[in-house]
>>> print(open('final01.cif').read())   # mmCIF, C-alpha atoms
data_input
#
loop_
_atom_site.label_atom_id
_atom_site.label_comp_id
_atom_site.auth_asym_id
_atom_site.auth_seq_id
_atom_site.Cartn_x
_atom_site.Cartn_y
_atom_site.Cartn_z
CA MET A 572 75.36 75.45 -51.63
CA LEU A 573 76.66 78.35 -49.55
CA ALA A 574 78.32 76.44 -46.72
CA ALA A 575 79.28 73.13 -48.27
CA ALA A 576 82.16 72.59 -45.85
CA GLY A 577 79.84 72.66 -42.84
CA GLU A 578 82.12 75.04 -40.94
CA ASN A 579 80.55 77.70 -38.71
CA ALA A 580 82.64 80.79 -38.04
CA HIS A 581 80.22 82.10 -35.38
CA TYR A 582 79.36 79.13 -33.15
CA GLY A 583 82.02 76.56 -33.95
CA THR A 584 82.07 73.68 -36.39
CA PRO A 585 80.41 70.37 -35.45
CA ARG A 586 83.06 67.70 -34.99
CA ASN A 587 83.00 64.87 -37.48
CA PRO A 588 82.95 61.69 -35.33
CA ALA A 589 83.82 59.46 -38.29
CA ALA A 590 86.82 61.54 -39.41
CA PRO A 591 88.31 63.56 -36.53
CA GLY A 592 90.10 66.69 -37.64
CA ARG A 593 88.18 66.82 -40.92
CA ILE A 594 85.20 68.90 -41.98
CA PRO A 595 81.74 67.39 -41.51
CA GLY A 596 80.42 68.72 -44.80
CA GLY A 597 77.41 70.96 -44.99
CA SER A 598 75.44 72.89 -44.72
CA SER A 599 73.38 70.40 -42.67
CA SER A 600 76.49 69.49 -40.67
CA GLY A 601 74.87 69.48 -37.22
CA SER A 602 72.24 66.92 -38.17
CA ALA A 603 74.79 64.66 -39.86
CA VAL A 604 77.14 64.78 -36.88
CA ALA A 605 74.32 64.11 -34.41
CA VAL A 606 73.27 60.99 -36.32
CA ALA A 607 76.85 59.79 -36.85
CA ALA A 608 77.63 60.21 -33.15
CA GLY A 609 74.53 58.26 -32.13
CA HIS A 610 72.87 61.21 -30.42
CA THR A 611 69.75 60.74 -32.54
CA ASP A 612 68.44 58.13 -34.95
CA ILE A 613 67.03 60.56 -37.52
CA GLY A 614 68.32 63.94 -38.59
CA LEU A 615 66.50 66.41 -40.83
CA GLY A 616 68.27 68.84 -43.10
CA SER A 617 67.80 70.81 -46.27
CA ASP A 618 69.49 69.84 -49.52
CA THR A 619 69.74 72.43 -52.26
CA GLY A 620 73.16 71.74 -53.75
CA GLY A 621 74.32 68.78 -51.66
CA SER A 622 73.78 69.92 -48.08
CA VAL A 623 72.62 66.49 -46.88
CA ARG A 624 74.34 64.18 -49.36
CA VAL A 625 77.85 65.57 -48.80
CA PRO A 626 77.82 65.52 -44.96
CA ALA A 627 76.29 62.04 -45.12
CA SER A 628 79.27 60.91 -47.17
CA TYR A 629 81.83 62.61 -44.92
CA CYS A 630 80.26 61.46 -41.64
CA GLY A 631 79.63 57.89 -42.76
CA VAL A 632 75.83 57.84 -42.55
CA LEU A 633 72.94 57.42 -44.95
CA GLY A 634 71.43 60.54 -46.46
CA PHE A 635 68.46 60.91 -48.80
CA ARG A 636 67.52 63.86 -50.98
CA PRO A 637 63.99 63.29 -52.33
CA SER A 638 62.65 64.31 -55.70
CA TRP A 639 62.02 68.03 -55.83
CA GLY A 640 58.47 68.72 -54.68
CA ARG A 641 57.90 65.35 -52.97
CA VAL A 642 58.15 66.73 -49.41
CA SER A 643 56.40 69.94 -48.42
CA LEU A 644 58.61 72.97 -47.78
CA GLU A 645 55.84 74.86 -46.00
CA GLY A 646 57.36 76.81 -43.12
CA ALA A 647 60.92 76.35 -44.37
CA LEU A 648 63.15 79.31 -45.13
CA PRO A 649 63.81 79.24 -48.89
CA LEU A 650 67.29 79.32 -50.33
CA ALA A 651 66.88 78.52 -54.02
CA PRO A 652 63.23 77.46 -54.31
CA SER A 653 63.45 75.34 -57.46
CA PHE A 654 66.34 73.36 -55.94
CA ASP A 655 65.35 73.21 -52.26
CA THR A 656 64.36 69.90 -50.69
CA VAL A 657 63.75 68.56 -47.19
CA ALA A 658 66.17 65.66 -46.73
CA TRP A 659 67.18 63.32 -43.90
CA PHE A 660 69.95 61.22 -42.34
CA THR A 661 69.94 57.85 -40.58
CA ARG A 662 72.46 55.15 -39.70
CA ASP A 663 70.08 52.39 -40.79
CA ALA A 664 68.68 51.84 -44.28
CA ALA A 665 65.39 50.39 -43.04
CA LEU A 666 64.84 53.49 -40.95
CA LEU A 667 65.78 55.71 -43.90
CA LYS A 668 63.00 54.03 -45.88
CA ALA A 669 60.58 54.25 -42.95
CA VAL A 670 61.09 58.01 -42.74
CA GLY A 671 60.37 58.19 -46.44
CA SER A 672 57.12 56.27 -46.00
CA VAL A 673 55.95 59.13 -43.77
CA LEU A 674 57.42 62.21 -45.43
CA LEU A 675 56.96 61.18 -49.05
CA GLY A 676 53.23 60.86 -48.49
CA THR A 677 52.83 64.59 -47.96
CA LEU A 678 52.79 65.52 -51.66
CA PRO A 679 52.26 63.56 -54.89
CA PRO A 680 55.19 63.01 -57.30
CA GLN A 681 55.83 66.00 -59.55
CA SER A 682 56.01 65.67 -63.31
CA GLY A 683 58.31 67.61 -65.57
CA SER A 684 61.35 69.67 -64.66
CA THR A 685 61.62 72.30 -62.00
CA THR A 686 62.97 75.52 -63.63
CA ALA A 687 66.28 77.39 -63.62
CA GLN A 688 69.85 76.14 -63.94
CA ALA A 689 73.04 75.36 -65.60
CA GLU A 690 75.48 76.06 -68.33
CA PRO A 691 77.69 73.52 -70.09
CA GLU A 692 80.66 74.15 -67.80
CA VAL A 693 80.46 72.97 -64.20
CA ALA A 694 81.13 76.51 -63.00
CA GLY A 695 77.87 77.56 -64.63
CA SER A 696 75.93 75.06 -62.54
CA THR A 697 75.87 77.62 -59.73
CA SER A 698 74.31 80.43 -61.80
CA ALA A 699 70.62 79.65 -61.48
CA PRO A 700 70.55 78.63 -57.80
CA ALA A 701 72.70 81.64 -56.97
CA TRP A 702 70.27 83.90 -58.81
CA GLU A 703 67.38 82.38 -56.85
CA VAL A 704 69.29 82.84 -53.60
CA TRP A 705 69.70 86.54 -54.33
CA GLN A 706 66.02 86.92 -55.24
CA ALA A 707 65.08 85.34 -51.91
CA HIS A 708 67.59 87.10 -49.66
CA GLY A 709 69.16 89.99 -51.56
CA ASP A 710 67.04 92.72 -49.98
CA TRP A 711 67.80 91.45 -46.48
CA VAL A 712 71.52 91.12 -47.18
CA SER A 713 71.68 94.61 -48.67
CA GLY A 714 69.64 96.17 -45.89
CA HIS A 715 71.25 94.52 -42.86
CA ASP A 716 74.88 93.90 -43.89
CA PRO A 717 75.08 90.64 -41.88
CA GLN A 718 78.42 89.27 -40.70
CA PHE A 719 78.97 86.18 -42.81
CA GLY A 720 81.64 83.54 -42.36
CA PRO A 721 84.57 83.22 -44.78
CA GLY A 722 83.49 82.81 -48.40
CA ILE A 723 79.77 83.32 -47.82
CA ARG A 724 79.88 87.06 -48.48
CA ASP A 725 81.78 86.46 -51.72
CA ARG A 726 79.15 84.02 -52.92
CA PHE A 727 76.33 86.46 -52.16
CA LEU A 728 78.28 89.12 -54.06
CA MET A 729 78.61 86.77 -57.00
CA ALA A 730 74.90 86.01 -56.85
CA SER A 731 74.02 89.71 -56.87
CA LYS A 732 75.77 90.18 -60.23
CA ILE A 733 73.89 87.49 -62.13
CA THR A 734 71.46 89.07 -64.59
CA ARG A 735 67.99 87.90 -65.48
CA GLN A 736 69.24 87.25 -69.02
CA GLU A 737 71.94 84.94 -67.66
CA TRP A 738 69.39 83.20 -65.49
CA GLU A 739 66.99 82.71 -68.42
CA ALA A 740 69.82 81.23 -70.51
CA ALA A 741 70.60 78.90 -67.62
CA CYS A 742 66.93 77.86 -67.48
CA GLN A 743 67.05 76.83 -71.12
CA GLN A 744 70.24 74.88 -70.61
CA ARG A 745 68.77 73.19 -67.56
CA GLN A 746 65.90 71.86 -69.62
CA LEU A 747 68.37 70.32 -72.08
CA ILE A 748 70.35 68.73 -69.26
CA THR A 749 67.21 67.33 -67.67
CA LYS A 750 66.09 65.85 -70.98
CA ALA A 751 69.50 64.24 -71.53
CA VAL A 752 69.56 62.69 -68.05
CA LEU A 753 66.01 61.37 -68.41
CA GLN A 754 66.93 59.78 -71.72
CA VAL A 755 69.72 57.89 -69.97
CA LEU A 756 67.68 56.87 -66.91
CA GLY A 757 64.34 56.19 -68.56
CA ASN A 758 61.57 55.33 -66.12
CA ASP A 759 63.46 52.83 -64.00
CA GLY A 760 67.20 53.37 -64.47
CA VAL A 761 69.64 54.10 -61.65
CA LEU A 762 72.88 56.05 -61.88
CA MET A 763 75.67 55.10 -59.48
CA LEU A 764 78.24 57.78 -58.73
CA PRO A 765 80.50 59.02 -55.94
CA THR A 766 78.64 61.29 -53.56
CA ALA A 767 81.67 63.55 -53.10
CA PRO A 768 85.12 63.81 -54.72
CA GLY A 769 86.75 61.80 -51.91
CA PRO A 770 87.11 61.77 -48.12
CA ALA A 771 86.40 64.93 -46.14
CA PRO A 772 89.07 67.66 -46.41
CA MET A 773 90.96 68.65 -43.29
CA CYS A 774 89.58 71.36 -41.03
CA ASN A 775 91.22 74.73 -41.67
CA THR A 776 91.94 73.83 -45.28
CA PRO A 777 93.04 77.05 -47.08
CA PRO A 778 90.13 78.84 -48.78
CA HIS A 779 91.53 78.47 -52.29
CA GLU A 780 91.79 74.70 -51.81
CA LEU A 781 88.23 74.55 -50.47
CA ASP A 782 87.02 76.52 -53.50
CA ALA A 783 88.63 73.96 -55.82
CA TRP A 784 87.11 71.14 -53.76
CA ARG A 785 83.72 72.82 -53.89
CA GLN A 786 83.76 72.97 -57.69
CA ARG A 787 84.58 69.25 -57.90
CA MET A 788 81.83 68.55 -55.40
CA ILE A 789 79.27 70.55 -57.38
CA SER A 790 80.09 68.57 -60.53
CA LEU A 791 78.69 65.51 -58.72
CA THR A 792 75.85 66.98 -56.67
CA CYS A 793 74.41 69.24 -59.38
CA ILE A 794 72.86 66.36 -61.32
CA ALA A 795 70.07 65.82 -58.80
CA GLY A 796 69.57 69.55 -58.35
CA LEU A 797 69.29 70.26 -62.05
CA THR A 798 66.89 67.43 -62.77
CA GLY A 799 64.89 67.32 -59.54
CA ALA A 800 65.92 63.68 -59.10
CA PRO A 801 66.11 61.71 -55.84
CA GLN A 802 69.54 60.63 -54.62
CA VAL A 803 70.68 58.51 -51.69
CA ASN A 804 74.14 58.30 -50.13
CA LEU A 805 75.28 54.89 -48.91
CA PRO A 806 78.30 54.71 -46.57
CA VAL A 807 79.75 51.58 -48.13
CA ALA A 808 83.51 52.17 -48.21
CA THR A 809 86.47 53.84 -46.57
CA VAL A 810 89.69 55.33 -47.93
CA GLU A 811 92.56 55.18 -45.45
CA GLY A 812 90.00 54.74 -42.69
CA LEU A 813 87.89 57.71 -43.80
CA PRO A 814 84.28 57.28 -44.95
CA VAL A 815 83.38 57.82 -48.58
CA GLY A 816 79.87 57.50 -49.94
CA LEU A 817 78.35 55.86 -52.99
CA SER A 818 75.23 57.49 -54.41
CA LEU A 819 72.26 56.03 -56.22
CA LEU A 820 70.28 58.49 -58.35
CA GLY A 821 66.98 57.68 -60.01
CA PRO A 822 64.48 59.53 -62.20
CA SER A 823 62.23 62.09 -60.58
CA GLY A 824 59.41 60.41 -58.69
CA SER A 825 61.23 57.11 -58.12
CA ASP A 826 61.86 57.85 -54.43
CA GLU A 827 60.25 54.77 -52.92
CA ARG A 828 61.90 52.43 -55.39
CA LEU A 829 65.28 54.07 -54.79
CA LEU A 830 64.93 53.69 -51.03
CA GLU A 831 64.09 50.00 -51.43
CA LEU A 832 67.17 49.49 -53.61
CA ALA A 833 69.30 51.38 -51.09
CA GLU A 834 68.07 49.08 -48.32
CA ARG A 835 69.02 45.97 -50.30
CA MET A 836 72.44 47.29 -51.25
CA PHE A 837 73.21 48.46 -47.73
CA ALA A 838 72.35 45.02 -46.39
CA LEU A 839 74.89 43.50 -48.77
CA CYS A 840 77.59 45.88 -47.57
CA GLY A 841 76.93 45.26 -43.87
CA SER A 842 75.50 47.55 -41.23
CA GLU A 843 78.96 48.32 -39.84
CA ALA A 844 79.62 50.51 -42.88
CA ALA A 845 77.42 53.20 -41.33
CA SER A 846 80.02 53.79 -38.64
CA GLY A 847 82.64 54.69 -41.20
CA ALA A 848 84.85 51.94 -39.81
CA GLN A 849 84.27 49.31 -42.49
CA GLY A 850 82.68 49.01 -45.89
CA CYS A 851 82.51 47.00 -49.09
CA ALA A 852 85.88 48.15 -50.38
#
>>> encode(input="final01.cif", output="structure tokens")
Amino acid sequence: MLAAAGENAHYGTPRNPAAPGRIPGGSSSGSAVAVAAGHTDIGLGSDTGGSVRVPASYCGVLGFRPSWGRVSLEGALPLAPSFDTVAWFTRDAALLKAVGSVLLGTLPPQSGSTTAQAEPEVAGSTSAPAWEVWQAHGDWVSGHDPQFGPGIRDRFLMASKITRQEWEAACQQRQLITKAVLQVLGNDGVLMLPTAPGPAPMCNTPPHELDAWRQRMISLTCIAGLTGAPQVNLPVATVEGLPVGLSLLGPSGSDERLLELAERMFALCGSEAASGAQGCA
């Protein structure tokens, strides 16, 4: 949520091997790049607001965000606890499912919604996770005055101004959104949607353009965050040679079924799609 572009002002930005000169997406950019470049077969990341799904789309690999609560977060540094998930990347759909067979066994499926989130406008979809971020890290930020990269400080400042009343209103709205999505999906429905608004933006894109991109991105990624649903990115197409991802989103707790569907669909599109060089389109 905080570093959706995947750029790192302190240590350098991982280079997107599938789209040179373009951002890798983030915040789990290093893991996505390592998998896309073939340095590793499996990459772990955290996905709160799209931090695995978006870089998976931009780097042309598979990425899976599980249902909230399906994989233990013990030992992980929290960001927005009711949105945080442990997620993973692979280049191969069978391996993506195999990782799930291990990690998804750590906790039983959760029932019901998570808590927090959302207002009718897309801009409001950041209110509850931002409030949770400040509850988790506000004291440290205030006490240490860390040197953040561009835009991060502004988002912490925004988070610090959200009131409990605003958060509680967002919680109520989140419940309505979750109910509406569950009515559409039922127990076994699947929603297909773009993972991100398009191909990865160029590196060094002006901040105001990245802010506009980020809002469009959140309008797509917030659905899983608000409802606690699982979502998988499939690298099945390119636009002008640049990878773009298609997402499958299922009801909370349908992780294994969604991974099986992803494996079948990816087989239809061809394994070469994972390189970002070819796809179904």
>>> resolve_selection(input="final01.cif", expression="the PyMOL selection byres ((chain A and resi 778) around 12)", output="PyMOL selection string")
chain A and resi 576+578+720-723+725+772-777+779-785
>>> closest_residue(input="final01.cif", among="A:Gly596, A:Pro806, A:Pro700, A:Gly634", to="Gly614 of chain A", atoms="only C-alpha atoms")
A:Gly634
>>> closest_residue(input="final01.cif", among="A:Glu831, A:Asp826, A:Asp655, A:Asp710", to="Pro637 of chain A", atoms="all atoms listed in the file")
A:Asp826
>>> atom_distance(input="final01.cif", atom1="atom CA of Val803 of chain A", atom2="atom CA of Arg636 of chain A")
6.3 Å
>>> closest_residue(input="final01.cif", among="A:Gly816, A:Glu827, A:Ala701, A:Val810", to="Ser672 of chain A", atoms="only C-alpha atoms")
A:Glu827
>>> closest_residue(input="final01.cif", among="A:Pro822, A:Gly592, A:Pro626, A:Pro717", to="Gly769 of chain A", atoms="only C-alpha atoms")
A:Pro626
>>> atom_distance(input="final01.cif", atom1="atom CA of Leu644 of chain A", atom2="atom CA of Phe837 of chain A")
28.5 Å
>>> residues_near_point(input="final01.cif", point="(74.9, 59.0, -54.5)", cutoff="6 Å", atoms="only C-alpha atoms", output="NGL selection string")
:A and (764-766 or 802-804 or 817-819)
>>> atom_distance(input="final01.cif", atom1="atom CA of Ala607 of chain A", atom2="atom CA of Phe660 of chain A")
8.9 Å
>>> residues_around(input="final01.cif", residues="Val606 of chain A", least_positions_apart="5", cutoff="8 Å", atoms="all atoms listed in the file", output="PyMOL selection string")
chain A and resi 611-614+632+660-662
>>> residues_around(input="final01.cif", residues="Ala751 of chain A", least_positions_apart="3", cutoff="12 Å", atoms="only C-alpha atoms", output="list in words")
Ser684, Gln744, Arg745, Gln746, Leu747, Ile748, Gln754, Val755, Leu756, Gly757, Ile794, Leu797, Thr798 and Pro822 of chain A
>>> write_last_selection(input="final01.cif", atoms="C-alpha atoms", output="mmCIF file, in the coordinates of the input")
data_model
loop_
_atom_site.group_PDB
_atom_site.id
_atom_site.type_symbol
_atom_site.label_atom_id
_atom_site.label_comp_id
_atom_site.auth_asym_id
_atom_site.auth_seq_id
_atom_site.Cartn_x
_atom_site.Cartn_y
_atom_site.Cartn_z
ATOM 1 C CA SER A 684 61.350 69.670 -64.660
ATOM 2 C CA GLN A 744 70.240 74.880 -70.610
ATOM 3 C CA ARG A 745 68.770 73.190 -67.560
ATOM 4 C CA GLN A 746 65.900 71.860 -69.620
ATOM 5 C CA LEU A 747 68.370 70.320 -72.080
ATOM 6 C CA ILE A 748 70.350 68.730 -69.260
ATOM 7 C CA GLN A 754 66.930 59.780 -71.720
ATOM 8 C CA VAL A 755 69.720 57.890 -69.970
ATOM 9 C CA LEU A 756 67.680 56.870 -66.910
ATOM 10 C CA GLY A 757 64.340 56.190 -68.560
ATOM 11 C CA ILE A 794 72.860 66.360 -61.320
ATOM 12 C CA LEU A 797 69.290 70.260 -62.050
ATOM 13 C CA THR A 798 66.890 67.430 -62.770
ATOM 14 C CA PRO A 822 64.480 59.530 -62.200
#
>>> residues_around(input="final01.cif", residues="Arg586 of chain A", least_positions_apart="2", cutoff="10 Å", atoms="all atoms listed in the file", output="PyMOL selection string")
chain A and resi 577-578+583-584+588-595+600-601+604-605+608+630+774
>>> write_last_selection(input="final01.cif", atoms="C-alpha atoms", output="CSV table (one decimal), in the coordinates of the input")
chain,number,residue,atom,x,y,z
A,577,GLY,CA,79.8,72.7,-42.8
A,578,GLU,CA,82.1,75.0,-40.9
A,583,GLY,CA,82.0,76.6,-34.0
A,584,THR,CA,82.1,73.7,-36.4
A,588,PRO,CA,83.0,61.7,-35.3
A,589,ALA,CA,83.8,59.5,-38.3
A,590,ALA,CA,86.8,61.5,-39.4
A,591,PRO,CA,88.3,63.6,-36.5
A,592,GLY,CA,90.1,66.7,-37.6
A,593,ARG,CA,88.2,66.8,-40.9
A,594,ILE,CA,85.2,68.9,-42.0
A,595,PRO,CA,81.7,67.4,-41.5
A,600,SER,CA,76.5,69.5,-40.7
A,601,GLY,CA,74.9,69.5,-37.2
A,604,VAL,CA,77.1,64.8,-36.9
A,605,ALA,CA,74.3,64.1,-34.4
A,608,ALA,CA,77.6,60.2,-33.2
A,630,CYS,CA,80.3,61.5,-41.6
A,774,CYS,CA,89.6,71.4,-41.0
>>> resolve_selection(input="final01.cif", expression="the PyMOL selection byres ((chain A and resi 618) around 7)", output="MDAnalysis selection string")
chainID A and resid 616:617 619:623 636 655:658
>>> resolve_selection(input="final01.cif", expression="the PyMOL selection byres ((chain A and resi 706) around 10)", output="VMD selection string")
chain A and resid 650 to 652 700 to 705 707 to 710 730 to 731
>>> closest_residue(input="final01.cif", among="A:His715, A:Lys732, A:Arg724, A:Lys668", to="Leu832 of chain A", atoms="only C-alpha atoms")
A:Lys668
>>> closest_residue(input="final01.cif", among="A:Leu648, A:Val761, A:Met729, A:Ala740", to="Leu830 of chain A", atoms="all atoms listed in the file")
A:Val761
